[in-house]
>>> print(open('start38.txt').read())   # compact mmCIF, C-alpha atoms (C1' of nucleotides)
# COMPACT_ATOMS: atom_id res chain seq x y z
CA MET N 1 25.60 9.46 5.54
CA ASN N 2 26.50 10.72 8.99
CA THR N 3 23.84 12.91 10.52
CA THR N 4 23.47 13.89 14.12
CA GLN N 5 19.91 13.86 15.25
CA ARG N 6 18.49 16.85 17.07
CA TYR N 7 15.62 17.16 19.41
CA SER N 8 12.29 18.17 18.01
CA ARG N 9 9.09 18.73 19.90
CA LYS N 10 7.01 17.42 17.05
CA ARG N 11 9.08 14.32 16.51
CA GLU N 12 8.68 13.51 20.18
CA ALA N 13 4.93 14.02 19.99
CA ILE N 14 4.62 11.69 16.99
CA LEU N 15 6.55 8.91 18.68
CA LEU N 16 4.63 9.33 21.92
CA ALA N 17 1.35 9.22 20.04
CA LEU N 18 2.36 5.91 18.50
CA ARG N 19 3.62 4.50 21.77
CA GLY N 20 0.53 5.55 23.66
CA THR N 21 -2.04 3.80 21.54
CA THR N 22 -2.95 0.32 20.40
CA GLU N 23 -4.79 1.69 17.40
CA HIS N 24 -2.12 1.26 14.68
CA PRO N 25 -2.82 4.63 13.13
CA SER N 26 -2.06 5.92 9.66
CA ALA N 27 0.01 9.05 9.05
CA GLU N 28 -3.14 11.06 8.58
CA THR N 29 -4.68 9.77 11.80
CA ILE N 30 -1.62 10.80 13.77
CA TYR N 31 -1.74 14.18 12.09
CA THR N 32 -5.37 14.62 13.11
CA TRP N 33 -4.59 13.62 16.68
CA LEU N 34 -1.70 16.05 17.08
CA LYS N 35 -3.01 19.00 15.10
CA PRO N 36 -4.98 20.56 18.01
CA ALA N 37 -1.94 20.67 20.29
CA HIS N 38 0.44 21.54 17.42
CA PRO N 39 -1.52 23.82 15.11
CA ASP N 40 1.44 24.41 12.81
CA LEU N 41 2.11 20.69 12.30
CA SER N 42 2.21 19.59 8.70
CA LEU N 43 1.43 16.21 7.22
CA GLY N 44 4.83 16.12 5.53
CA THR N 45 6.51 16.24 8.92
CA VAL N 46 4.50 13.27 10.09
CA TYR N 47 5.53 11.27 7.04
CA ARG N 48 9.15 12.33 7.35
CA ASN N 49 9.32 11.30 10.99
CA LEU N 50 7.56 8.00 10.45
CA SER N 51 10.16 7.09 7.81
CA PHE N 52 12.81 8.19 10.24
CA PHE N 53 11.48 5.97 13.04
CA MET N 54 11.13 3.02 10.69
CA GLU N 55 14.76 3.29 9.60
CA ASN N 56 15.80 3.42 13.24
CA GLY N 57 13.70 0.37 14.02
CA ASP N 58 11.70 2.30 16.61
CA ILE N 59 8.41 1.48 14.97
CA ILE N 60 7.16 -1.02 12.42
CA SER N 61 4.62 -0.99 9.64
CA VAL N 62 1.60 -3.24 9.85
CA GLY N 63 1.12 -2.93 6.08
CA THR N 64 -1.28 -1.05 3.89
CA VAL N 65 -4.93 -1.17 4.91
CA ASP N 66 -7.50 0.40 2.60
CA GLY N 67 -4.79 2.32 0.79
CA GLN N 68 -3.11 3.75 3.86
CA GLU N 69 0.03 2.49 5.57
CA ARG N 70 -0.53 1.68 9.22
CA TYR N 71 2.11 1.94 11.92
CA ASP N 72 2.79 0.25 15.21
CA GLY N 73 4.79 1.83 18.03
CA ASN N 74 5.60 -1.60 19.36
CA ALA N 75 8.54 -2.80 17.30
CA ALA N 76 8.74 -6.20 18.98
CA PRO N 77 7.54 -8.94 16.61
CA HIS N 78 3.96 -9.80 17.36
CA ALA N 79 0.88 -10.86 15.43
CA HIS N 80 -1.97 -8.71 14.15
CA PHE N 81 -5.58 -9.13 13.26
CA ILE N 82 -7.00 -6.91 10.52
CA CYS N 83 -10.74 -6.46 10.07
CA LYS N 84 -11.62 -6.75 6.40
CA ASN N 85 -14.68 -4.62 6.90
CA CYS N 86 -13.62 -1.59 8.95
CA GLY N 87 -9.84 -1.87 8.65
CA ARG N 88 -9.29 -2.00 12.38
CA VAL N 89 -5.95 -3.50 13.40
CA ILE N 90 -5.75 -5.41 16.67
CA ASP N 91 -2.70 -6.78 18.46
CA VAL N 92 -2.85 -10.52 18.85
CA ASP N 93 -1.17 -12.07 21.83
CA ILE N 94 0.09 -15.45 20.71
CA PRO N 95 3.57 -16.95 20.94
CA ASP N 96 5.99 -16.04 18.17
CA ILE N 97 5.63 -19.31 16.30
CA LEU N 98 7.24 -18.01 13.12
CA GLU N 99 10.59 -17.42 14.76
CA ALA N 100 11.31 -21.13 14.82
CA ARG N 101 10.90 -21.17 11.04
CA ASP N 102 13.34 -18.41 10.17
CA LYS N 103 16.20 -20.84 9.77
CA SER N 104 14.30 -23.27 7.58
CA VAL N 105 13.20 -20.41 5.33
CA GLU N 106 16.80 -19.32 5.01
CA ASP N 107 17.88 -22.82 4.08
CA SER N 108 15.10 -23.61 1.65
CA ALA N 109 15.03 -20.25 -0.14
CA GLY N 110 18.70 -19.34 0.15
CA VAL N 111 17.88 -15.99 1.71
CA SER N 112 18.73 -14.26 4.95
CA VAL N 113 15.75 -13.63 7.20
CA THR N 114 15.72 -10.59 9.45
CA GLY N 115 12.04 -10.39 10.33
CA HIS N 116 8.67 -12.06 10.10
CA ALA N 117 5.04 -11.21 10.63
CA ALA N 118 1.86 -13.14 11.26
CA THR N 119 -1.40 -11.55 10.20
CA PHE N 120 -4.91 -12.83 10.69
CA THR N 121 -7.88 -11.42 8.81
CA GLY N 122 -11.62 -11.59 9.26
CA LEU N 123 -14.32 -9.58 11.00
CA CYS N 124 -13.81 -7.76 14.28
CA ALA N 125 -16.34 -8.13 17.08
CA ASP N 126 -18.21 -4.94 16.16
CA CYS N 127 -18.47 -5.67 12.46
CA ARG N 128 -19.47 -9.24 13.13
CA GLN N 129 -22.34 -8.12 15.31
CA ARG N 130 -23.42 -5.56 12.74
CA GLU N 131 -23.56 -8.19 10.01
CA THR N 132 -25.55 -10.80 11.90
CA GLN N 133 -28.19 -8.53 13.32
CA MET J 1 -26.55 -7.17 -7.38
CA ASN J 2 -26.77 -10.23 -9.63
CA THR J 3 -24.46 -10.05 -12.59
CA THR J 4 -23.72 -12.76 -15.09
CA GLN J 5 -20.11 -12.89 -16.05
CA ARG J 6 -19.12 -13.01 -19.69
CA TYR J 7 -16.04 -14.34 -21.33
CA SER J 8 -13.26 -11.93 -22.08
CA ARG J 9 -10.02 -12.69 -23.83
CA LYS J 10 -8.14 -10.15 -21.74
CA ARG J 11 -9.54 -11.34 -18.45
CA GLU J 12 -8.41 -14.83 -19.33
CA ALA J 13 -4.95 -13.59 -20.25
CA ILE J 14 -4.58 -11.75 -16.94
CA LEU J 15 -5.55 -14.79 -14.90
CA LEU J 16 -3.30 -17.08 -16.91
CA ALA J 17 -0.40 -14.67 -16.49
CA LEU J 18 -0.86 -14.80 -12.74
CA ARG J 19 -1.25 -18.56 -12.68
CA GLY J 20 1.76 -19.12 -14.86
CA THR J 21 4.31 -17.29 -12.76
CA THR J 22 5.81 -17.43 -9.30
CA GLU J 23 6.81 -13.80 -9.53
CA HIS J 24 3.93 -12.16 -7.61
CA PRO J 25 3.59 -9.30 -10.06
CA SER J 26 2.03 -5.88 -9.62
CA ALA J 27 -0.75 -4.61 -11.86
CA GLU J 28 1.75 -2.67 -13.89
CA THR J 29 4.02 -5.68 -14.34
CA ILE J 30 1.14 -7.75 -15.66
CA TYR J 31 0.24 -4.90 -17.98
CA THR J 32 3.78 -4.82 -19.34
CA TRP J 33 3.81 -8.56 -19.86
CA LEU J 34 0.55 -8.65 -21.77
CA LYS J 35 0.84 -5.44 -23.74
CA PRO J 36 2.82 -6.96 -26.65
CA ALA J 37 0.22 -9.67 -27.28
CA HIS J 38 -2.70 -7.32 -26.52
CA PRO J 39 -1.68 -3.92 -27.85
CA ASP J 40 -4.99 -2.32 -26.97
CA LEU J 41 -4.90 -3.48 -23.34
CA SER J 42 -5.29 -0.72 -20.80
CA LEU J 43 -4.01 -0.52 -17.25
CA GLY J 44 -7.53 0.15 -15.98
CA THR J 45 -8.63 -3.22 -17.29
CA VAL J 46 -5.84 -4.96 -15.42
CA TYR J 47 -6.88 -3.24 -12.19
CA ARG J 48 -10.54 -3.98 -12.76
CA ASN J 49 -9.91 -7.65 -13.36
CA LEU J 50 -7.56 -8.02 -10.44
CA SER J 51 -10.25 -6.64 -8.14
CA PHE J 52 -12.68 -8.99 -9.77
CA PHE J 53 -10.48 -12.04 -9.16
CA MET J 54 -9.84 -11.00 -5.57
CA GLU J 55 -13.55 -10.78 -4.83
CA ASN J 56 -14.02 -14.21 -6.35
CA GLY J 57 -11.19 -15.59 -4.26
CA ASP J 58 -9.30 -16.70 -7.36
CA ILE J 59 -6.21 -14.77 -6.41
CA ILE J 60 -4.82 -13.16 -3.26
CA SER J 61 -2.81 -10.08 -2.47
CA VAL J 62 0.63 -10.43 -0.98
CA GLY J 63 0.44 -6.86 0.27
CA THR J 64 2.01 -3.61 -0.82
CA VAL J 65 5.71 -3.72 -1.67
CA ASP J 66 7.48 -0.46 -2.48
CA GLY J 67 4.16 1.26 -2.99
CA GLN J 68 2.66 -1.29 -5.35
CA GLU J 69 0.20 -4.03 -4.50
CA ARG J 70 1.47 -7.48 -5.42
CA TYR J 71 -0.72 -10.40 -6.44
CA ASP J 72 -0.49 -14.16 -6.22
CA GLY J 73 -2.34 -16.52 -8.54
CA ASN J 74 -2.12 -19.23 -5.92
CA ALA J 75 -5.00 -18.54 -3.55
CA ALA J 76 -4.15 -21.39 -1.18
CA PRO J 77 -2.74 -20.05 2.09
CA HIS J 78 1.04 -20.21 2.04
CA ALA J 79 3.92 -18.17 3.34
CA HIS J 80 5.99 -15.54 1.55
CA PHE J 81 9.42 -14.08 1.76
CA ILE J 82 9.87 -10.44 0.73
CA CYS J 83 13.29 -9.00 -0.03
CA LYS J 84 13.66 -5.64 1.64
CA ASN J 85 16.18 -4.54 -0.94
CA CYS J 86 14.76 -5.44 -4.35
CA GLY J 87 11.15 -6.17 -3.42
CA ARG J 88 11.22 -9.69 -4.80
CA VAL J 89 8.51 -11.96 -3.38
CA ILE J 90 9.25 -15.66 -3.03
CA ASP J 91 6.90 -18.49 -2.11
CA VAL J 92 7.96 -20.24 1.05
CA ASP J 93 7.14 -23.90 1.43
CA ILE J 94 6.54 -24.47 5.11
CA PRO J 95 3.57 -26.05 6.88
CA ASP J 96 0.62 -23.78 7.59
CA ILE J 97 1.46 -23.27 11.24
CA LEU J 98 -0.88 -20.30 11.65
CA GLU J 99 -4.00 -22.31 10.93
CA ALA J 100 -3.80 -23.96 14.32
CA ARG J 101 -3.97 -20.48 15.89
CA ASP J 102 -7.08 -19.22 14.17
CA LYS J 103 -9.33 -20.44 16.93
CA SER J 104 -7.27 -18.99 19.74
CA VAL J 105 -7.20 -15.63 17.98
CA GLU J 106 -10.97 -15.75 17.68
CA ASP J 107 -11.33 -16.52 21.36
CA SER J 108 -8.84 -14.01 22.69
CA ALA J 109 -9.84 -11.10 20.43
CA GLY J 110 -13.54 -11.85 20.04
CA VAL J 111 -13.27 -11.78 16.25
CA SER J 112 -14.01 -14.22 13.46
CA VAL J 113 -10.96 -15.29 11.50
CA THR J 114 -11.29 -16.11 7.82
CA GLY J 115 -7.68 -15.99 6.74
CA HIS J 116 -4.07 -15.63 7.80
CA ALA J 117 -0.70 -14.95 6.29
CA ALA J 118 2.89 -15.54 7.29
CA THR J 119 5.50 -13.23 5.83
CA PHE J 120 9.25 -13.36 6.25
CA THR J 121 11.50 -10.45 5.35
CA GLY J 122 15.20 -10.04 4.76
CA LEU J 123 17.59 -10.20 1.82
CA CYS J 124 17.18 -12.56 -1.12
CA ALA J 125 20.13 -14.59 -2.35
CA ASP J 126 21.04 -12.12 -5.10
CA CYS J 127 20.90 -9.02 -2.90
CA ARG J 128 22.78 -10.77 -0.15
CA GLN J 129 25.62 -11.61 -2.48
CA ARG J 130 25.70 -8.09 -3.85
CA GLU J 131 26.01 -6.65 -0.34
CA THR J 132 28.79 -8.86 0.91
CA GLN J 133 31.10 -8.62 -2.08
C1' DT Z 1 -30.68 -6.46 -28.47
C1' DT Z 2 -28.91 -6.54 -23.96
C1' DC Z 3 -25.64 -5.49 -20.82
C1' DG Z 4 -20.98 -6.95 -19.37
C1' DT Z 5 -16.36 -5.37 -20.71
C1' DT Z 6 -13.01 -2.17 -22.37
C1' DG Z 7 -9.91 2.09 -23.75
C1' DC Z 8 -9.07 6.40 -22.72
C1' DA Z 9 -8.28 10.12 -19.96
C1' DA Z 10 -9.54 12.62 -16.13
C1' DA Z 11 -10.05 12.35 -11.29
C1' DC Z 12 -8.56 10.80 -6.91
C1' DA Z 13 -5.80 9.65 -2.79
C1' DT Z 14 -1.63 8.93 -0.65
C1' DT Z 15 3.03 9.91 -0.22
C1' DT Z 16 7.28 12.41 -1.51
C1' DT Z 17 10.00 16.42 -2.34
C1' DG Z 18 12.11 21.32 -3.16
C1' DC Z 19 12.78 25.37 -0.98
C1' DA Z 20 12.93 29.05 2.21
C1' DG Z 21 12.35 29.97 6.99
C1' DT Z 22 12.94 28.19 11.84
C1' DT Z 23 14.99 25.75 15.64
C1' DT Z 24 18.46 23.12 17.98
C1' DC Z 25 23.01 22.72 19.60
C1' DG F 1 26.73 29.93 12.86
C1' DA F 2 26.09 25.27 11.01
C1' DA F 3 23.03 22.00 9.98
C1' DA F 4 18.87 19.51 11.31
C1' DC F 5 14.06 20.24 11.15
C1' DT F 6 9.75 22.16 9.48
C1' DG F 7 5.60 24.34 6.76
C1' DC F 8 3.90 24.89 2.60
C1' DA F 9 2.62 23.70 -1.78
C1' DA F 10 3.73 21.42 -5.87
C1' DA F 11 4.93 17.11 -7.80
C1' DA F 12 5.02 12.30 -8.18
C1' DT F 13 2.91 7.88 -7.86
C1' DG F 14 -0.50 4.26 -7.79
C1' DT F 15 -5.32 3.34 -8.29
C1' DT F 16 -10.18 4.34 -9.42
C1' DT F 17 -13.87 5.98 -12.26
C1' DG F 18 -17.12 8.14 -15.98
C1' DC F 19 -18.35 7.58 -20.44
C1' DA F 20 -18.82 6.19 -25.04
C1' DA F 21 -17.54 2.35 -27.94
C1' DC F 22 -17.09 -2.58 -28.27
C1' DG F 23 -18.13 -7.52 -27.87
C1' DA F 24 -20.31 -11.79 -25.98
C1' DA F 25 -24.52 -14.23 -25.42
>>> encode(input="start38.txt", output="structure tokens")
Amino acid sequence: MNTTQRYSRKREAILLALRGTTEHPSAETIYTWLKPAHPDLSLGTVYRNLSFFMENGDIISVGTVDGQERYDGNAAPHAHFICKNCGRVIDVDIPDILEARDKSVEDSAGVSVTGHAATFTGLCADCRQRETQ
Amino acid sequence: MNTTQRYSRKREAILLALRGTTEHPSAETIYTWLKPAHPDLSLGTVYRNLSFFMENGDIISVGTVDGQERYDGNAAPHAHFICKNCGRVIDVDIPDILEARDKSVEDSAGVSVTGHAATFTGLCADCRQRETQ
DNA sequence: TTCGTTGCAAACATTTTGCAGTTTC
DNA sequence: GAAACTGCAAAATGTTTGCAACGAA
């Protein structure tokens, strides 16, 4: 159970990649990004570190889009928009209106709520334009 | 492109199974439920019909829980609670507070919104009890 | 008779894991 | 030197698909 974490150049790179983008990448996307600068990086390491960060609460999952789990380096609760056509995930800047409901969910369902997520779906600007032209 | 749908006893059974439960089952769960009454049912058929229903808008997906996609026979927008421990999905009966935000998401992100989902996470009553004892 | 639907099994894609070698402390 | 971390490749898992047989209209 007790493990002391050590520094790792690749772990740092993976976290920085997630923190430095708004793209909500999949494990494979991160791998592709980092491979040039870390030629000996393996996909397994990316997966292992993503699980690691998730357990630590450093990152969150946006869910599975087109069969691939997508990650967000911003662990603060915020809403997302997912394009049904291209799978793009966009941060949505609206107030956290679900927070006020946590308690009522706990009461009505007899559960304990530790998180919540709001997700909007539809067509992103690019895909919308492509469809109407 | 144009296809005329035909009746199928198994398709009907799959839809009825989804409509008759609040359990938000996976494809495999539905398969297990129906197998006794339909011994020649195959998992591929369950997947094919679930995709079919989703395209028709008859059912919705709750998302991927523990690696398996979970379905809901109630296509009306409503909130869900997902237990992080056992994966149970529970319908949550709160007003559709996200609907009022659709427009502002469209304006701020330049997208067109066709749907939204509110998901709460935490521990269900059973898992909560198990942890505290 | 037509063609939508299915079972079966193979194919596919994503993610996980075992192990031996490497790196951090 | 101990133990965390990694590459590699194999394994595991969930889902999709090709094809021949079946069934509804």
>>> atom_distance(input="start38.txt", atom1="atom C1' of Z:DC25", atom2="atom C1' of F:DA3")
9.6 Å
>>> residues_around(input="start38.txt", residues="stretch 112-125 of chain N", least_positions_apart="5", cutoff="6 Å", atoms="only C-alpha atoms (C1' of nucleotides)", output="ChimeraX atom specification")
/N:79-84,106 /J:110-123
>>> residues_around(input="start38.txt", residues="Z:DT17", least_positions_apart="3", cutoff="9 Å", atoms="only C-alpha atoms (C1' of nucleotides)", output="PyMOL selection string")
chain F and resi 10-12
>>> closest_atom_pairs(input="start38.txt", of="chain Z", to="chain N", cutoff="9 Å", atoms="all atoms listed in the file", output="CSV")
residue,atom,partner,partner_atom,distance
Z:DA13,C1',N:Gly67,CA,8.2
Z:DT14,C1',N:Gln68,CA,7.0
Z:DT15,C1',N:Tyr47,CA,7.8
Z:DT16,C1',N:Gly44,CA,8.3
Z:DT23,C1',N:Ser8,CA,8.4
Z:DT24,C1',N:Arg6,CA,6.3
Z:DC25,C1',N:Arg6,CA,7.8
>>> interface_residues(input="start38.txt", of="chain F", to="chain J", cutoff="8 Å", atoms="only C-alpha atoms (C1' of nucleotides)", output="PyMOL selection string")
chain F and resi 14-15+24-25
>>> residues_around(input="start38.txt", residues="Z:DG7", least_positions_apart="4", cutoff="12 Å", atoms="all atoms listed in the file", output="list of chain:residue names")
J:Pro39, J:Asp40, J:Leu41, J:Ser42, J:Leu43, J:Gly44, J:Thr45, J:Val46, F:DC19, F:DA20, F:DA21, F:DC22
>>> closest_residue(input="start38.txt", among="J:Val89, J:Asn74, J:Thr64, J:Arg9", to="chain N", atoms="only C-alpha atoms")
J:Thr64
>>> closest_residue(input="start38.txt", among="N:Pro36, N:Gly57, N:Pro95, N:Gly87", to="chain J", atoms="only C-alpha atoms")
N:Pro95
>>> residues_around(input="start38.txt", residues="Z:DT22", least_positions_apart="4", cutoff="10 Å", atoms="all atoms listed in the file", output="list in words")
DC5, DT6 and DG7 of chain F
>>> atom_distance(input="start38.txt", atom1="atom CA of N:Gly20", atom2="atom CA of N:Asp66")
23.1 Å
>>> atom_distance(input="start38.txt", atom1="atom CA of N:Arg11", atom2="atom CA of N:Phe52")
9.5 Å
